[in-house]
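**Q** Take this structure first; my questions come after.
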Amino acid sequence: MNYEIIFKQEFENIMNKYDMRYLNVDNNEFAIVGRDFALIFTIHLDDIFISYVMRNSHGELEIYDFDSFIVEKFNAIDRENIKKTNIVEERVKNRLKIIARGLSNHWDGLMKGDKNWVEDYLVYPLAGKPRKADKKIMDIIGI
């Protein structure tokens, strides 16, 4: 299933609110790009993985895999009016809706480009080390 249309619908308000642009990275992999960072959303089966891309102090693009870190702050308001379903496409649509709400409701600074979250991320128990972006990401993201 191609989720591009659903992704654009769910993230249209965020892209407008934070002056971000949409990029199709790959099949079922999408990005919203801010001034000096990008969020990449990878849809696999019925799960969504979120990565944050930014330049490190050496100017190299790094990727932080941080879906568990950001969704930890999501709450019942972000999940309001979400109906349970066994249909994969509907579950993905619901998750995209929850993520869009949660980013807007709890991560305003991050969405505006603030990097203060990195300090908290580095001590987060499930945090991984940032990895260097591959050539495909560097070419596509363009930050």
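To be explicit about the labels: the chains of the structure tokens are called A, B, and onward in the order shown, and within each one the residues are counted from 1, while ligands get numbers from 1 in the order they are shown.
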Once DSSP has gone over the backbone, tell me which residues of stretch 35-125 of chain A are in strand (DSSP E or B), as a count of residues only.

**A** 22

**Q** Give me, as JSON lines, the closest atom pair and its distance (Å, one decimal) for every residue of stretch 13-43 of chain A within a cut-off of 12 Å of stretch 134-139 of chain A, counting only C-alpha atoms, rows sorted by chain and rising number.

**A**
```
{"residue": "A:Leu23", "atom": "CA", "partner": "A:Ile137", "partner_atom": "CA", "distance": 10.9}
{"residue": "A:Asn24", "atom": "CA", "partner": "A:Ile137", "partner_atom": "CA", "distance": 10.9}
{"residue": "A:Val25", "atom": "CA", "partner": "A:Ile137", "partner_atom": "CA", "distance": 7.7}
{"residue": "A:Asp26", "atom": "CA", "partner": "A:Lys136", "partner_atom": "CA", "distance": 9.6}
{"residue": "A:Glu29", "atom": "CA", "partner": "A:Ile137", "partner_atom": "CA", "distance": 11.0}
{"residue": "A:Phe30", "atom": "CA", "partner": "A:Ile137", "partner_atom": "CA", "distance": 11.1}
{"residue": "A:Ala31", "atom": "CA", "partner": "A:Ile137", "partner_atom": "CA", "distance": 10.1}
{"residue": "A:Val33", "atom": "CA", "partner": "A:Ile137", "partner_atom": "CA", "distance": 11.9}
{"residue": "A:Phe37", "atom": "CA", "partner": "A:Met138", "partner_atom": "CA", "distance": 11.5}
{"residue": "A:Ala38", "atom": "CA", "partner": "A:Ile137", "partner_atom": "CA", "distance": 10.2}
{"residue": "A:Leu39", "atom": "CA", "partner": "A:Ile137", "partner_atom": "CA", "distance": 11.3}
{"residue": "A:Ile40", "atom": "CA", "partner": "A:Ile137", "partner_atom": "CA", "distance": 9.6}
```

**Q** Please provide the set of residues having any atom within 7 Å of A:Lys97, restricted to only C-alpha atoms, with same-chain residues fewer than 4 positions apart removed, written as a list in words.

**A**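 In the requested format, the answer is Glu10, Lys93 and Arg101 of chain A.
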
**Q** Can you tell me which residues surround stretch 67-75 of chain A at a distance of at most 6 Å, considering only C-alpha atoms, apart from same-chain residues fewer than 3 positions away, and format the answer as a PDB file with C-alpha atoms, in the first residue's frame?

**A**
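part_9.pdb was written with the following content:
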```
ATOM      1  CA  PHE A  49       9.539   4.497  12.738  1.00  0.00           C
ATOM      2  CA  ILE A  50      10.564   8.119  13.221  1.00  0.00           C
ATOM      3  CA  ASP A  78      -3.490  12.696  21.142  1.00  0.00           C
ATOM      4  CA  GLY A 102       1.487  14.429  19.519  1.00  0.00           C
TER       5      GLY A 102
END
```

**Q** Which of stretch 29-98 of chain A counts as alpha helix (DSSP H) under DSSP, as a list of chain:residue names please?

**A**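 So the alpha helix (DSSP H) residues in stretch 29-98 of chain A would be A:Asp67, A:Ser68, A:Phe69, A:Ile70, A:Val71, A:Val88, A:Glu89, A:Glu90, A:Arg91, A:Val92, A:Lys93, A:Asn94, A:Arg95, A:Leu96, A:Lys97, A:Ile98.
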
**Q** When distances are computed from only C-alpha atoms, which of A:Leu45, A:Met20, A:Leu110, A:Ile98 shows the smallest separation from A:Arg79?

**A**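 The answer is A:Ile98, which sits nearest to A:Arg79.
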
**Q** Stretch 28-131 of chain A near stretch 12-17 of chain A within 10 Å: what's each residue's closest atom pair and its distance in Å to one decimal, counting only C-alpha atoms, ordered by chain then ascending residue number, as JSON lines?

**A**
```
{"residue": "A:Ile32", "atom": "CA", "partner": "A:Met15", "partner_atom": "CA", "distance": 7.1}
{"residue": "A:Val33", "atom": "CA", "partner": "A:Met15", "partner_atom": "CA", "distance": 8.5}
{"residue": "A:Gly34", "atom": "CA", "partner": "A:Met15", "partner_atom": "CA", "distance": 8.7}
{"residue": "A:Ala100", "atom": "CA", "partner": "A:Ile14", "partner_atom": "CA", "distance": 7.0}
{"residue": "A:Arg101", "atom": "CA", "partner": "A:Ile14", "partner_atom": "CA", "distance": 8.7}
{"residue": "A:Leu103", "atom": "CA", "partner": "A:Ile14", "partner_atom": "CA", "distance": 8.3}
{"residue": "A:Ser104", "atom": "CA", "partner": "A:Ile14", "partner_atom": "CA", "distance": 6.9}
{"residue": "A:Met111", "atom": "CA", "partner": "A:Ile14", "partner_atom": "CA", "distance": 8.6}
{"residue": "A:Lys112", "atom": "CA", "partner": "A:Lys17", "partner_atom": "CA", "distance": 9.4}
```

**Q** Calculate how many Å separate atom CA of A:His44 from atom CA of A:Phe66, rounding to one decimal.

**A**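 Between these atoms lies a distance of 15.8 Å.
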
**Q** I'd like the contact shell of A:Glu89 - 10 Å cut-off, only C-alpha atoms, skipping same-chain residues fewer than 5 positions apart - returned as a list in words.

**A**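 The residues satisfying every condition are Met1, Asn2, Tyr3, Ile6, Leu45, Asp46, Asn94 and Arg95 of chain A.
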
**Q** Here is a test: counting only C-alpha atoms, which residue of A:Ile63, A:Met54, A:Ile43, A:Ile5 is nearest to A:Gly128?

**A**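 Going through A:Ile63, A:Met54, A:Ile43, A:Ile5 one by one, the smallest distance to A:Gly128 is for A:Ile63.
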
**Q** Could you jot down the atom CA of A:Phe7 to atom CA of A:Tyr22 separation for me, Å, one decimal place?

**A**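 Rounded to one decimal, the two atoms are 9.6 Å apart.
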
**Q** What is the distance between atom CA of A:Asp36 and atom CA of A:Val118, in Å to one decimal?

**A** 14.6 Å

**Q** From the options A:Thr85, A:Asn56, A:Asn28, A:Thr42, which residue's atoms come nearest to A:Ile143, counting only C-alpha atoms?

**A**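 Among A:Thr85, A:Asn56, A:Asn28, A:Thr42, it is A:Asn56 that comes nearest to A:Ile143.
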
**Q** Quick one: of A:Asp47, A:Glu4, A:Leu122, A:Arg91, who's nearest to A:Asn27, counting only C-alpha atoms?

**A**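 Closest residue, counting only C-alpha atoms: A:Glu4.
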